[in-house]
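Enquirer: The structure that follows is given in the form of C-alpha cells.
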Amino acid sequence: MPAGSKLADGLSLSGRSISITAPEQDHGEEDDPPSGKSIAITEASGISLVEWHKVSPISSRTIIFSTEATFGRMDEAVLYFDAEWFASQEGPLNCGECARGCDELVLPFQCLALEILSRFEKKNATGTPGMLVFLFKETPDQLDCLKTQALRSGGASIASPVVAAAAAAFEIFAENVAVQFGNKSYVNILLARSDLSNELSSSDVELGKWLASYLDAFEATGAKFDSRTSSEWVKAGSRYGAGGFNKLFGRKRR
C-alpha cells in the first residue's frame, strides 16, 4: 500500500477478505525488526494492512501469521510484480539503486513465496490446496525501446536495467517454482501476466476483478494444477473453462 490499493479493491469486490502489505512502521527499539502485525483494517472492504519489513525473512513469515490471526486462515496469496510502477519510482542508475533493487524487488518476493509454500504445506497437506499466484505486469525496458522506438512515446515508464533484471528474476523464479512445486498436493500455482497491449493493464481494479473471477472459476471445477500447467503463463483477461488455459507461450526471449 498504497500502490496495491486498486488491485486489492478489485479482488475485494468478489467478497474476499484481504491482507495487503504496507510500509513498515516506526516501532522504536522495542520492536525491531517490525513484527508484521496488522496495523489497520478497513471494515467496509475487509482489507487489512500488514506491515512488511522487506529485507527480513522473519517479516515474511509474520505477514502470514497476521493474516491468519485477522481472518482465521489464508486460502490464497498473490505476489504482484508491477514493473511499470516500479519503473516509475526508480532513481538514477548507480550502485545504491542496484542494492535497493535486490533488497526490494528480488529477495522479498522469493522469501515470501517460500514462506507461503511452507505454510500451505503445513496447513493444507490433507485438505484443499492453497493457491499461490505470481501476477506479472510488464513494461518496456531499454532494449525493447531500442528495437521499437515507438515504445518511448507510448506513455509507459521504461524499465532501467535494475527493474528489468528484477522483472526477469521474478519471471524465472515463478516459472521454476511452478515446476518444482506444481505437483504438490497442498498448493496450486498460477502464473498470470499482462503487458501494455492488454486492456487490463490500465486498471488495477479491473485486473483484480479478472483475477478473482478466474480463481473462482478454477475453484468451482475442483481441478488440480500440475507442474506443466502451473508453469504456463496465463494472459490476463483469459477465461478458465472447458477449454482450460488461454495462454501466453513462455517468457520473452531475446
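Every chain in the C-alpha cells has a letter given in the order shown (A, B, ...), and although residue numbers restart at 1 in each chain, ligands are simply numbered from 1 in the order shown.
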Could you pull the residues within 12 Å of Thr21 of chain A, counting only C-alpha atoms, minus those fewer than 6 positions along the same chain, as an mmCIF file with N, CA, C and O atoms, in the first residue's frame?
Expert:
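Final output, result-v8.cif:
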data_model
loop_
_atom_site.group_PDB
_atom_site.id
_atom_site.type_symbol
_atom_site.label_atom_id
_atom_site.label_comp_id
_atom_site.auth_asym_id
_atom_site.auth_seq_id
_atom_site.Cartn_x
_atom_site.Cartn_y
_atom_site.Cartn_z
ATOM 1 N N MET A 1 0.839 -1.189 0.000
ATOM 2 C CA MET A 1 0.000 0.000 0.000
ATOM 3 C C MET A 1 0.886 1.256 0.000
ATOM 4 O O MET A 1 1.964 1.229 0.576
ATOM 5 N N PRO A 2 0.480 2.355 -0.623
ATOM 6 C CA PRO A 2 -0.804 2.492 -1.317
ATOM 7 C C PRO A 2 -0.812 1.992 -2.757
ATOM 8 O O PRO A 2 -1.849 2.000 -3.406
ATOM 9 N N ALA A 3 0.349 1.540 -3.270
ATOM 10 C CA ALA A 3 0.422 1.179 -4.685
ATOM 11 C C ALA A 3 -0.518 0.037 -5.052
ATOM 12 O O ALA A 3 -1.016 -0.030 -6.173
ATOM 13 N N GLY A 4 -0.780 -0.869 -4.118
ATOM 14 C CA GLY A 4 -1.631 -2.021 -4.413
ATOM 15 C C GLY A 4 -3.090 -1.839 -4.080
ATOM 16 O O GLY A 4 -3.860 -2.803 -4.126
ATOM 17 N N SER A 5 -3.488 -0.621 -3.746
ATOM 18 C CA SER A 5 -4.851 -0.411 -3.252
ATOM 19 C C SER A 5 -5.913 -0.753 -4.297
ATOM 20 O O SER A 5 -6.953 -1.342 -3.978
ATOM 21 N N ALA A 8 -6.273 -4.523 -4.726
ATOM 22 C CA ALA A 8 -6.988 -5.057 -3.568
ATOM 23 C C ALA A 8 -8.477 -4.737 -3.647
ATOM 24 O O ALA A 8 -9.321 -5.581 -3.314
ATOM 25 N N GLY A 36 5.312 -7.467 11.710
ATOM 26 C CA GLY A 36 4.406 -7.941 10.680
ATOM 27 C C GLY A 36 2.960 -7.975 11.125
ATOM 28 O O GLY A 36 2.123 -8.552 10.454
ATOM 29 N N LYS A 37 2.654 -7.355 12.247
ATOM 30 C CA LYS A 37 1.279 -7.395 12.751
ATOM 31 C C LYS A 37 0.366 -6.513 11.911
ATOM 32 O O LYS A 37 0.804 -5.632 11.184
ATOM 33 N N SER A 38 -0.941 -6.785 12.031
ATOM 34 C CA SER A 38 -1.923 -5.970 11.335
ATOM 35 C C SER A 38 -1.927 -4.570 11.946
ATOM 36 O O SER A 38 -2.005 -4.412 13.159
ATOM 37 N N ILE A 39 -1.829 -3.543 11.089
ATOM 38 C CA ILE A 39 -1.767 -2.178 11.605
ATOM 39 C C ILE A 39 -3.048 -1.394 11.348
ATOM 40 O O ILE A 39 -3.253 -0.345 11.920
ATOM 41 N N ALA A 40 -3.907 -1.904 10.477
ATOM 42 C CA ALA A 40 -5.174 -1.217 10.212
ATOM 43 C C ALA A 40 -6.083 -2.148 9.444
ATOM 44 O O ALA A 40 -5.631 -3.073 8.782
ATOM 45 N N ILE A 41 -7.358 -1.914 9.520
ATOM 46 C CA ILE A 41 -8.304 -2.672 8.714
ATOM 47 C C ILE A 41 -9.447 -1.761 8.315
ATOM 48 O O ILE A 41 -9.939 -0.967 9.118
ATOM 49 N N ILE A 47 -10.324 -5.144 3.995
ATOM 50 C CA ILE A 47 -8.916 -5.113 3.620
ATOM 51 C C ILE A 47 -8.074 -4.733 4.833
ATOM 52 O O ILE A 47 -8.251 -3.672 5.416
ATOM 53 N N SER A 48 -7.179 -5.617 5.220
ATOM 54 C CA SER A 48 -6.297 -5.406 6.361
ATOM 55 C C SER A 48 -4.902 -5.026 5.864
ATOM 56 O O SER A 48 -4.383 -5.636 4.929
ATOM 57 N N LEU A 49 -4.319 -4.008 6.489
ATOM 58 C CA LEU A 49 -2.958 -3.604 6.150
ATOM 59 C C LEU A 49 -1.981 -4.282 7.101
ATOM 60 O O LEU A 49 -2.153 -4.217 8.317
ATOM 61 N N VAL A 50 -0.970 -4.929 6.536
ATOM 62 C CA VAL A 50 0.014 -5.653 7.331
ATOM 63 C C VAL A 50 1.396 -5.137 6.982
ATOM 64 O O VAL A 50 1.795 -5.141 5.822
ATOM 65 N N GLU A 51 2.126 -4.682 7.983
ATOM 66 C CA GLU A 51 3.431 -4.104 7.715
ATOM 67 C C GLU A 51 4.422 -5.168 7.241
ATOM 68 O O GLU A 51 4.358 -6.332 7.638
ATOM 69 N N TRP A 52 5.336 -4.733 6.368
ATOM 70 C CA TRP A 52 6.298 -5.650 5.752
ATOM 71 C C TRP A 52 7.686 -5.033 5.788
ATOM 72 O O TRP A 52 7.940 -4.029 5.145
ATOM 73 N N HIS A 53 8.548 -5.651 6.550
ATOM 74 C CA HIS A 53 9.961 -5.289 6.559
ATOM 75 C C HIS A 53 10.619 -6.140 5.482
ATOM 76 O O HIS A 53 10.996 -7.288 5.699
ATOM 77 N N LYS A 54 10.739 -5.589 4.278
ATOM 78 C CA LYS A 54 11.012 -6.392 3.086
ATOM 79 C C LYS A 54 12.297 -7.209 3.151
ATOM 80 O O LYS A 54 12.375 -8.292 2.576
ATOM 81 N N SER A 59 9.888 -11.282 8.759
ATOM 82 C CA SER A 59 8.707 -10.462 8.494
ATOM 83 C C SER A 59 7.796 -11.124 7.467
ATOM 84 O O SER A 59 6.575 -11.035 7.559
ATOM 85 N N SER A 60 8.391 -11.823 6.489
ATOM 86 C CA SER A 60 7.582 -12.547 5.508
ATOM 87 C C SER A 60 6.711 -13.594 6.199
ATOM 88 O O SER A 60 5.544 -13.794 5.854
ATOM 89 N N THR A 62 5.693 -13.543 9.369
ATOM 90 C CA THR A 62 4.690 -12.939 10.246
ATOM 91 C C THR A 62 3.554 -12.278 9.468
ATOM 92 O O THR A 62 2.469 -12.086 10.009
ATOM 93 N N ILE A 63 3.784 -11.947 8.210
ATOM 94 C CA ILE A 63 2.680 -11.484 7.361
ATOM 95 C C ILE A 63 1.603 -12.563 7.295
ATOM 96 O O ILE A 63 0.398 -12.291 7.410
ATOM 97 N N ILE A 64 2.047 -13.799 7.125
ATOM 98 C CA ILE A 64 1.117 -14.927 7.038
ATOM 99 C C ILE A 64 0.402 -15.129 8.367
ATOM 100 O O ILE A 64 -0.824 -15.298 8.420
ATOM 101 N N SER A 66 -0.168 -12.971 10.658
ATOM 102 C CA SER A 66 -1.091 -11.862 10.881
ATOM 103 C C SER A 66 -2.382 -12.045 10.092
ATOM 104 O O SER A 66 -3.482 -11.786 10.593
ATOM 105 N N THR A 67 -2.245 -12.505 8.849
ATOM 106 C CA THR A 67 -3.428 -12.765 8.030
ATOM 107 C C THR A 67 -4.313 -13.816 8.682
ATOM 108 O O THR A 67 -5.539 -13.665 8.771
ATOM 109 N N ALA A 77 -2.751 -16.499 -2.029
ATOM 110 C CA ALA A 77 -1.722 -15.461 -1.911
ATOM 111 C C ALA A 77 -1.355 -14.982 -3.311
ATOM 112 O O ALA A 77 -1.179 -15.792 -4.224
ATOM 113 N N VAL A 78 -1.265 -13.675 -3.477
ATOM 114 C CA VAL A 78 -0.925 -13.074 -4.766
ATOM 115 C C VAL A 78 0.347 -12.253 -4.607
ATOM 116 O O VAL A 78 0.389 -11.313 -3.811
ATOM 117 N N LEU A 79 1.377 -12.603 -5.364
ATOM 118 C CA LEU A 79 2.607 -11.820 -5.423
ATOM 119 C C LEU A 79 2.565 -11.009 -6.707
ATOM 120 O O LEU A 79 2.614 -11.569 -7.805
ATOM 121 N N TYR A 80 2.452 -9.693 -6.561
ATOM 122 C CA TYR A 80 2.205 -8.807 -7.705
ATOM 123 C C TYR A 80 3.466 -8.022 -8.025
ATOM 124 O O TYR A 80 3.890 -7.173 -7.230
ATOM 125 N N PRO A 108 12.582 -10.032 -1.476
ATOM 126 C CA PRO A 108 11.304 -10.121 -0.751
ATOM 127 C C PRO A 108 10.300 -11.057 -1.400
ATOM 128 O O PRO A 108 9.624 -11.828 -0.715
ATOM 129 N N PHE A 109 10.175 -11.001 -2.731
ATOM 130 C CA PHE A 109 9.230 -11.872 -3.419
ATOM 131 C C PHE A 109 9.607 -13.342 -3.240
ATOM 132 O O PHE A 109 8.748 -14.202 -3.038
ATOM 133 N N LEU A 112 9.000 -14.430 0.491
ATOM 134 C CA LEU A 112 7.576 -14.534 0.801
ATOM 135 C C LEU A 112 6.955 -15.739 0.104
ATOM 136 O O LEU A 112 6.126 -16.450 0.691
#
Enquirer: Skipping near chain neighbours, those fewer than 2 positions away, what residues fall within 8 Å of Ala167 of chain A using only C-alpha atoms, listed as a PyMOL selection string?
Expert: chain A and resi 81+83+138+163-165+169-171
Enquirer: Pick the closest to Ala174 of chain A from A:Ala125, A:Pro140, A:Ser227, A:Gln149: which is it, counting only C-alpha atoms?
Expert: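 Ranking A:Ala125, A:Pro140, A:Ser227, A:Gln149 by distance to Ala174 of chain A, first place goes to A:Ser227.
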Enquirer: Of the candidates A:Asn124, A:Ala166, A:Leu143, A:Glu175, which one gets nearest to Ala99 of chain A if we count only C-alpha atoms?
Expert: A:Ala166
Enquirer: I'd like the interatomic distance between atom CA of Gly46 of chain A and atom CA of Glu206 of chain A, to a tenth of an Å.
Expert: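 Going from atom CA of Gly46 of chain A over to atom CA of Glu206 of chain A, I get 18.2 Å.
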Enquirer: By how many Å are atom CA of Asp195 of chain A and atom CA of Thr139 of chain A apart?
Expert: 6.5 Å
Enquirer: Near segment 179-191 of chain A, within 7 Å and counting only C-alpha atoms, which residues show up once chain neighbours fewer than 2 positions away are dropped, as a list in words?
Expert: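 The filter keeps Phe120, Glu121, Asn124, Ala125, Thr128, Pro129, Gly130, Met131, Leu132, Val133, Phe134, Leu135, Glu175, Asn176, Val177, Arg193, Lys224, Phe225, Asp226, Ser227, Arg228, Ser230, Ser231, Glu232, Trp233 and Val234 of chain A.
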Enquirer: Can you work out which one of A:Arg100, A:Arg61, A:Lys147, A:Arg152 has the shortest atom-to-atom distance to Arg119 of chain A, counting only C-alpha atoms?
Expert: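 Between A:Arg100, A:Arg61, A:Lys147, A:Arg152, the residue approaching Arg119 of chain A most closely is A:Arg61.
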Enquirer: With the cut-off set at 8 Å and counting only C-alpha atoms, tabulate each residue of segment 7-117 of chain A with an atom at most that distance from an atom of segment 154-157 of chain A, showing the nearest atom pair and its distance in Å to one decimal, ordered by chain and increasing number, as a tab-separated table.
Expert:
residue	atom	partner	partner_atom	distance
A:Glu84	CA	A:Ser157	CA	5.6
A:Trp85	CA	A:Ser157	CA	7.5
A:Ala87	CA	A:Ser157	CA	5.7
A:Ser88	CA	A:Ser157	CA	5.4
Enquirer: Using Å and a single decimal, report how far atom CA of Phe173 of chain A sits from atom CA of Leu114 of chain A.
Expert: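 According to the coordinates, atom CA of Leu114 of chain A and atom CA of Phe173 of chain A are separated by 10.9 Å.
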Enquirer: Can you pull out every residue from segment 135-253 of chain A that DSSP, working from the backbone, puts in alpha helix (DSSP H), and format the result as a VMD selection string?
Expert: chain A and resid 142 to 147 161 to 181 204 to 221 227 to 230
Enquirer: Kindly save the residues from that selection, with C-alpha atoms included, as a CSV table (one decimal), in the first residue's frame.
Expert:
chain,number,residue,atom,x,y,z
A,142,GLN,CA,15.7,-0.2,-22.7
A,143,LEU,CA,16.3,-3.0,-25.2
A,144,ASP,CA,12.6,-3.1,-26.1
A,145,CYS,CA,12.7,0.6,-26.9
A,146,LEU,CA,15.9,0.2,-29.0
A,147,LYS,CA,14.1,-2.4,-31.1
A,161,PRO,CA,18.5,-2.3,-16.2
A,162,VAL,CA,17.8,-2.7,-12.4
A,163,VAL,CA,14.0,-3.0,-12.8
A,164,ALA,CA,14.4,-5.1,-16.0
A,165,ALA,CA,16.7,-7.5,-14.1
A,166,ALA,CA,14.3,-7.8,-11.2
A,167,ALA,CA,11.4,-8.4,-13.5
A,168,ALA,CA,13.4,-11.2,-15.2
A,169,ALA,CA,14.2,-12.7,-11.8
A,170,PHE,CA,10.5,-12.6,-10.8
A,171,GLU,CA,9.5,-14.3,-14.0
A,172,ILE,CA,12.1,-17.1,-14.0
A,173,PHE,CA,11.7,-17.7,-10.2
A,174,ALA,CA,7.9,-18.0,-10.7
A,175,GLU,CA,8.3,-20.5,-13.6
A,176,ASN,CA,10.8,-22.7,-11.8
A,177,VAL,CA,8.8,-22.7,-8.5
A,178,ALA,CA,5.8,-23.7,-10.5
A,179,VAL,CA,7.7,-26.7,-11.9
A,180,GLN,CA,9.2,-27.7,-8.6
A,181,PHE,CA,6.0,-27.4,-6.6
A,204,ASP,CA,-5.7,-2.5,-11.4
A,205,VAL,CA,-9.3,-2.6,-10.2
A,206,GLU,CA,-10.3,-4.5,-13.4
A,207,LEU,CA,-7.2,-6.7,-13.2
A,208,GLY,CA,-8.2,-7.6,-9.6
A,209,LYS,CA,-11.7,-8.4,-10.7
A,210,TRP,CA,-10.5,-10.6,-13.5
A,211,LEU,CA,-8.1,-12.5,-11.2
A,212,ALA,CA,-10.8,-13.1,-8.7
A,213,SER,CA,-13.2,-14.4,-11.3
A,214,TYR,CA,-10.5,-16.7,-12.8
A,215,LEU,CA,-9.7,-18.1,-9.4
A,216,ASP,CA,-13.4,-18.6,-8.6
A,217,ALA,CA,-14.0,-20.4,-12.0
A,218,PHE,CA,-11.0,-22.7,-11.4
A,219,GLU,CA,-12.0,-23.5,-7.8
A,220,ALA,CA,-15.5,-24.4,-9.0
A,221,THR,CA,-14.1,-27.2,-11.1
A,227,SER,CA,3.9,-28.8,-12.9
A,228,ARG,CA,3.3,-28.4,-16.6
A,229,THR,CA,0.1,-26.4,-16.4
A,230,SER,CA,1.4,-24.4,-13.5
